[in-house]
file entry33.txt (compact mmCIF, C-alpha atoms)
# COMPACT_ATOMS: atom_id res chain seq x y z
CA MET B 18 106.37 70.30 66.67
CA GLU B 19 103.73 71.32 69.21
CA THR B 20 103.21 74.83 70.52
CA PHE B 21 104.26 75.56 74.07
CA ARG B 22 102.58 78.47 75.82
CA ARG B 23 101.30 77.41 79.25
CA LEU B 24 101.72 74.00 80.89
CA GLU B 25 100.08 72.85 84.10
CA GLY B 26 101.33 69.46 85.23
CA THR B 27 102.76 67.18 87.86
CA VAL B 28 106.36 67.95 88.80
CA ALA B 29 108.90 65.14 89.22
CA ALA B 30 112.24 65.64 90.92
CA LEU B 31 115.46 63.95 89.86
CA CYS B 32 117.92 65.61 92.21
CA ARG B 33 121.21 64.68 90.61
CA SER B 34 123.83 66.84 88.90
CA ASN B 35 125.72 66.12 85.68
CA ILE B 36 123.14 63.70 84.28
CA ASP B 37 124.58 62.86 80.86
CA THR B 38 122.79 61.90 77.68
CA ASP B 39 123.97 58.28 77.93
CA GLN B 40 121.95 57.96 81.13
CA ILE B 41 118.97 59.76 79.59
CA ILE B 42 118.96 57.38 76.59
CA PRO B 43 121.67 54.67 76.52
CA LYS B 44 123.61 54.16 73.28
CA GLN B 45 122.09 50.76 72.43
CA PHE B 46 118.77 52.47 71.69
CA LEU B 47 120.10 54.92 69.12
CA LYS B 48 119.44 52.75 66.06
CA ARG B 49 116.18 54.43 65.12
CA ILE B 50 115.91 57.86 63.50
CA GLU B 51 112.24 58.42 64.28
CA ARG B 52 111.59 60.77 67.17
CA THR B 53 109.04 58.48 68.81
CA GLY B 54 109.32 55.20 70.69
CA PHE B 55 112.07 56.23 73.10
CA GLY B 56 109.90 56.98 76.14
CA ASP B 57 109.88 53.36 77.35
CA VAL B 58 113.68 53.29 77.54
CA LEU B 59 114.25 56.75 79.04
CA PHE B 60 116.77 56.44 81.91
CA PHE B 61 116.84 52.71 81.11
CA ASP B 62 119.82 51.78 83.31
CA TRP B 63 118.37 53.54 86.35
CA ARG B 64 114.74 52.81 85.68
CA TYR B 65 114.88 49.01 85.34
CA LYS B 66 116.54 46.20 87.26
CA ASP B 67 118.61 43.54 85.47
CA ASP B 68 115.55 41.29 85.12
CA GLY B 69 113.66 44.07 83.32
CA THR B 70 111.29 44.94 86.16
CA PRO B 71 110.95 48.56 87.34
CA ASN B 72 113.52 49.65 89.88
CA PRO B 73 111.55 50.89 92.92
CA ASP B 74 114.55 52.95 94.07
CA PHE B 75 114.58 55.13 90.95
CA GLU B 76 112.96 58.49 91.57
CA LEU B 77 110.71 58.61 88.51
CA ASN B 78 109.22 55.20 89.38
CA GLN B 79 107.56 56.68 92.46
CA PRO B 80 103.74 56.67 92.12
CA LYS B 81 103.50 60.38 93.02
CA PHE B 82 105.45 61.21 89.84
CA ALA B 83 103.19 59.21 87.53
CA GLY B 84 102.24 61.23 84.46
CA ALA B 85 104.72 64.01 85.27
CA SER B 86 105.23 66.56 82.51
CA ILE B 87 107.64 68.84 84.38
CA LEU B 88 111.08 67.65 85.52
CA VAL B 89 113.16 69.39 88.18
CA THR B 90 116.77 68.32 88.20
CA GLY B 91 120.35 69.24 89.03
CA ARG B 92 122.96 71.39 87.33
CA ASN B 93 124.58 70.59 83.96
CA PHE B 94 121.69 68.41 82.84
CA GLY B 95 122.16 66.81 79.41
CA CYS B 96 125.97 66.82 79.37
CA GLY B 97 127.94 64.21 77.43
CA SER B 98 127.34 63.38 73.78
CA SER B 99 125.23 65.59 71.52
CA ARG B 100 122.63 62.91 70.71
CA GLU B 101 119.26 64.40 69.80
CA HIS B 102 117.65 61.20 71.04
CA ALA B 103 117.93 62.53 74.61
CA PRO B 104 115.32 65.30 74.26
CA TRP B 105 113.30 63.00 71.97
CA ALA B 106 113.14 60.38 74.77
CA LEU B 107 112.12 62.93 77.39
CA ARG B 108 109.42 64.30 75.12
CA ASP B 109 108.18 60.83 74.21
CA TYR B 110 107.98 59.99 77.94
CA GLY B 111 105.71 63.00 78.43
CA ILE B 112 108.09 65.66 79.77
CA ARG B 113 107.42 69.13 78.28
CA ALA B 114 109.47 71.36 80.62
CA ILE B 115 112.77 70.78 82.44
CA ILE B 116 113.87 73.07 85.27
CA ALA B 117 117.53 73.09 86.31
CA PRO B 118 120.28 75.50 87.45
CA SER B 119 122.13 74.87 84.17
CA PHE B 120 122.14 72.71 81.04
CA ALA B 121 124.75 71.43 78.63
CA ASP B 122 124.74 73.81 75.64
CA ILE B 123 123.94 71.34 72.85
CA PHE B 124 121.23 69.60 74.86
CA TYR B 125 119.72 73.01 75.71
CA ASN B 126 119.56 73.94 72.01
CA ASN B 127 118.13 70.55 71.00
CA CYS B 128 115.31 70.91 73.52
CA PHE B 129 113.83 73.86 71.65
CA LYS B 130 113.90 71.89 68.38
CA THR B 131 111.92 69.11 70.07
CA GLY B 132 109.21 71.25 71.64
CA LEU B 133 110.73 70.99 75.12
CA LEU B 134 111.16 74.06 77.29
CA PRO B 135 114.39 74.12 79.35
CA VAL B 136 114.08 76.61 82.21
CA ILE B 137 117.14 77.92 84.05
CA LEU B 138 116.53 79.00 87.65
CA PRO B 139 118.88 79.79 90.53
CA GLU B 140 119.90 76.71 92.48
CA GLU B 141 117.94 77.73 95.58
CA ARG B 142 114.75 78.06 93.54
CA VAL B 143 115.30 74.63 91.98
CA GLU B 144 115.81 73.15 95.46
CA GLU B 145 112.62 74.85 96.66
CA LEU B 146 110.65 73.28 93.80
CA ALA B 147 112.25 69.88 94.43
CA LYS B 148 111.20 70.01 98.10
CA LYS B 149 107.63 70.70 97.09
CA THR B 150 107.55 67.42 95.16
CA GLY B 151 107.84 65.56 98.48
CA ALA B 152 104.06 65.66 98.91
CA ALA B 153 102.65 62.14 98.67
CA GLY B 154 99.82 63.19 96.37
CA GLY B 155 102.04 64.77 93.80
CA TYR B 156 102.96 68.41 93.29
CA VAL B 157 101.39 70.42 90.48
CA ALA B 158 102.80 73.66 89.07
CA THR B 159 102.26 75.81 86.00
CA VAL B 160 105.04 76.83 83.63
CA ASP B 161 103.91 79.90 81.70
CA LEU B 162 106.20 80.65 78.76
CA GLU B 163 104.14 83.59 77.53
CA HIS B 164 104.62 85.45 80.84
CA GLU B 165 107.92 83.69 81.67
CA CYS B 166 106.95 82.55 85.14
CA ILE B 167 106.26 79.45 87.24
CA VAL B 168 103.35 79.49 89.68
CA ASP B 169 101.58 77.05 91.96
CA ALA B 170 98.49 76.89 94.17
CA ASP B 171 100.53 77.76 97.27
CA GLY B 172 101.40 81.21 95.97
CA LEU B 173 104.77 80.45 94.39
CA HIS B 174 105.64 82.92 91.65
CA THR B 175 109.11 82.81 90.18
CA THR B 176 110.21 84.28 86.88
CA PHE B 177 112.63 83.11 84.22
CA THR B 178 113.83 84.40 80.88
CA VAL B 179 114.15 82.74 77.49
CA ASP B 180 115.81 84.18 74.41
CA PRO B 181 113.01 86.08 72.57
CA PHE B 182 113.63 84.28 69.26
CA ARG B 183 113.52 80.83 70.89
CA ARG B 184 110.42 81.87 72.85
CA HIS B 185 108.70 82.97 69.63
CA CYS B 186 109.57 79.70 67.88
CA LEU B 187 108.37 77.51 70.75
CA MET B 188 105.14 79.42 71.25
CA ASN B 189 104.40 79.08 67.53
CA ALA B 190 105.80 75.55 66.98
CA LEU B 191 108.42 76.76 64.51
CA ASP B 192 111.47 74.64 63.73
CA GLU B 193 114.05 75.50 61.04
CA ILE B 194 111.88 74.10 58.23
CA ALA B 195 108.75 75.92 59.39
CA LEU B 196 110.74 79.15 59.73
CA THR B 197 112.00 78.77 56.15
CA LEU B 198 108.51 78.06 54.83
CA GLU B 199 107.33 81.35 56.33
CA HIS B 200 109.38 83.02 53.57
CA THR B 201 108.17 80.93 50.65
CA ASP B 202 107.08 83.99 48.64
CA GLU B 203 110.43 85.75 49.09
CA ILE B 204 112.30 82.57 48.11
CA ALA B 205 110.17 82.21 44.96
CA GLN B 206 110.80 85.86 44.02
CA TYR B 207 114.55 85.41 44.52
CA GLU B 208 114.53 82.25 42.43
CA ALA B 209 112.63 84.03 39.63
CA ARG B 210 115.33 86.74 39.45
CA ARG B 211 118.21 84.28 39.09
CA PRO B 212 119.51 83.51 35.58
CA ALA B 213 118.26 80.16 34.29
CA TRP B 214 121.80 78.74 34.04
CA LEU B 215 122.47 79.14 37.78
CA PRO B 216 121.42 76.39 40.25
CA HIS B 217 117.81 76.66 41.43
CA ALA B 218 116.20 75.28 44.58
CA ALA B 219 113.31 73.81 42.58
CA ASP B 220 115.82 71.71 40.61
CA GLY B 221 117.52 70.39 43.70
CA GLY B 222 120.40 72.83 43.35
CA SER B 223 121.19 71.86 39.75
CA ALA B 224 121.70 74.29 36.88
CA ARG B 225 118.98 74.18 34.20
CA SER B 226 121.45 74.84 31.40
CA GLN B 227 125.02 75.98 30.98
CA PRO B 228 125.87 79.59 30.02
CA ARG B 229 126.85 80.13 26.41
CA ARG B 230 130.55 80.85 25.82
CA HIS B 231 131.54 83.49 23.21
call {"tool": "encode", "arguments": {"input": "entry33.txt", "output": "structure tokens"}}
result
Amino acid sequence: METFRRLEGTVAALCRSNIDTDQIIPKQFLKRIERTGFGDVLFFDWRYKDDGTPNPDFELNQPKFAGASILVTGRNFGCGSSREHAPWALRDYGIRAIIAPSFADIFYNNCFKTGLLPVILPEERVEELAKKTGAAGGYVATVDLEHECIVDADGLHTTFTVDPFRRHCLMNALDEIALTLEHTDEIAQYEARRPAWLPHAADGGSARSQPRRH
């Protein structure tokens, strides 16, 4: 997982509410377990026409949104099934931060495990950001996780909050495995104190020998 501290990038607007995970990454593309390779099929049903050519009516196909790394969208983003492929696809496409009035809970949690930053802002602030993306040349903003704010060259400065533990993990690229490995010494000391006949992590949870019965 990559660290996320401060991101300056083009902002794309997808002004729709209740975008579910089956629209973000349709079910027919869930056969792979790798986290990469999903960017080309992100929003597949909206992004492409039946003949496989790009749909010019889909928002993210607009030239001004090319290379966008920040997505502004509507409320309840990521609802539907709990598939982790949804944040994987967004990340593989190049999105690093998503700004919305609200998110589906499971999708919100999965974002942090994928190195994505979901930012919750009041609806009027989200609409203000979406309007700024109307500029033909593309709209650039900075999402600063360290100082929990979003700024732009026009003087915009809006703040947001992220749970301190999640913020720490994202700023230091820590997922559950990395967090566990931070305590390797303590785990080894605990294992050394356990009787040999009890299951040990080093043995894959198996007991080394059975206790003697008297």
call {"tool": "closest_residue", "arguments": {"input": "entry33.txt", "among": "B:Thr20, B:Thr53, B:Thr90, B:Asn35", "to": "B:Ile137", "atoms": "only C-alpha atoms"}}
result
B:Thr90
call {"tool": "closest_residue", "arguments": {"input": "entry33.txt", "among": "B:Asp122, B:Asp62, B:Asp68, B:Glu19", "to": "B:Asn93", "atoms": "all atoms listed in the file"}}
result
B:Asp122
call {"tool": "residues_around", "arguments": {"input": "entry33.txt", "residues": "stretch 139-155 of chain B", "least_positions_apart": "3", "cutoff": "7 Å", "atoms": "all atoms listed in the file", "output": "mmCIF file with C-alpha atoms, in the coordinates of the input"}}
result
data_model
loop_
_atom_site.group_PDB
_atom_site.id
_atom_site.type_symbol
_atom_site.label_atom_id
_atom_site.label_comp_id
_atom_site.auth_asym_id
_atom_site.auth_seq_id
_atom_site.Cartn_x
_atom_site.Cartn_y
_atom_site.Cartn_z
ATOM 1 C CA THR B 27 102.760 67.180 87.860
ATOM 2 C CA VAL B 28 106.360 67.950 88.800
ATOM 3 C CA ALA B 29 108.900 65.140 89.220
ATOM 4 C CA ALA B 30 112.240 65.640 90.920
ATOM 5 C CA LYS B 81 103.500 60.380 93.020
ATOM 6 C CA PHE B 82 105.450 61.210 89.840
ATOM 7 C CA VAL B 89 113.160 69.390 88.180
ATOM 8 C CA ALA B 117 117.530 73.090 86.310
ATOM 9 C CA PRO B 118 120.280 75.500 87.450
#
call {"tool": "closest_residue", "arguments": {"input": "entry33.txt", "among": "B:Lys130, B:Arg33, B:Arg210, B:His164", "to": "B:Leu191", "atoms": "only C-alpha atoms"}}
result
B:Lys130
call {"tool": "axis_aligned_box", "arguments": {"input": "entry33.txt", "around": "stretch 157-171 of chain B", "padding_each_side": "5 Å", "output": "JSON"}}
result
{"center_x": 103.2, "center_y": 77.9, "center_z": 87.4, "size_x": 19.4, "size_y": 25.0, "size_z": 29.7}
call {"tool": "closest_residue", "arguments": {"input": "entry33.txt", "among": "B:Met188, B:Leu31, B:Thr176, B:Trp63", "to": "B:Glu163", "atoms": "only C-alpha atoms"}}
result
B:Met188
call {"tool": "closest_residue", "arguments": {"input": "entry33.txt", "among": "B:Gly172, B:Gly132, B:Gly95, B:Pro216", "to": "B:Ala190", "atoms": "all atoms listed in the file"}}
result
B:Gly132
call {"tool": "residues_around", "arguments": {"input": "entry33.txt", "residues": "B:Pro104", "least_positions_apart": "5", "cutoff": "10 Å", "atoms": "all atoms listed in the file", "output": "compact mmCIF listing (two decimals) with C-alpha atoms, in the frame of the given file"}}
result
# COMPACT_ATOMS: atom_id res chain seq x y z
CA THR B 38 122.79 61.90 77.68
CA ILE B 41 118.97 59.76 79.59
CA ILE B 42 118.96 57.38 76.59
CA ARG B 52 111.59 60.77 67.17
CA PHE B 55 112.07 56.23 73.10
CA LEU B 59 114.25 56.75 79.04
CA GLY B 95 122.16 66.81 79.41
CA ASP B 109 108.18 60.83 74.21
CA TYR B 110 107.98 59.99 77.94
CA ILE B 112 108.09 65.66 79.77
CA ARG B 113 107.42 69.13 78.28
CA PHE B 124 121.23 69.60 74.86
CA TYR B 125 119.72 73.01 75.71
CA ASN B 126 119.56 73.94 72.01
CA ASN B 127 118.13 70.55 71.00
CA CYS B 128 115.31 70.91 73.52
CA PHE B 129 113.83 73.86 71.65
CA LYS B 130 113.90 71.89 68.38
CA THR B 131 111.92 69.11 70.07
CA GLY B 132 109.21 71.25 71.64
CA LEU B 133 110.73 70.99 75.12
call {"tool": "atom_distance", "arguments": {"input": "entry33.txt", "atom1": "atom CA of B:Ser99", "atom2": "atom CA of B:Ala114"}}
result
19.1 Å
call {"tool": "closest_residue", "arguments": {"input": "entry33.txt", "among": "B:Cys32, B:Leu162, B:Asp171, B:Asp202", "to": "B:His185", "atoms": "only C-alpha atoms"}}
result
B:Leu162
call {"tool": "atom_distance", "arguments": {"input": "entry33.txt", "atom1": "atom CA of B:Cys166", "atom2": "atom CA of B:Ile115"}}
result
13.4 Å
call {"tool": "atom_distance", "arguments": {"input": "entry33.txt", "atom1": "atom CA of B:Glu208", "atom2": "atom CA of B:Leu196"}}
result
18.0 Å
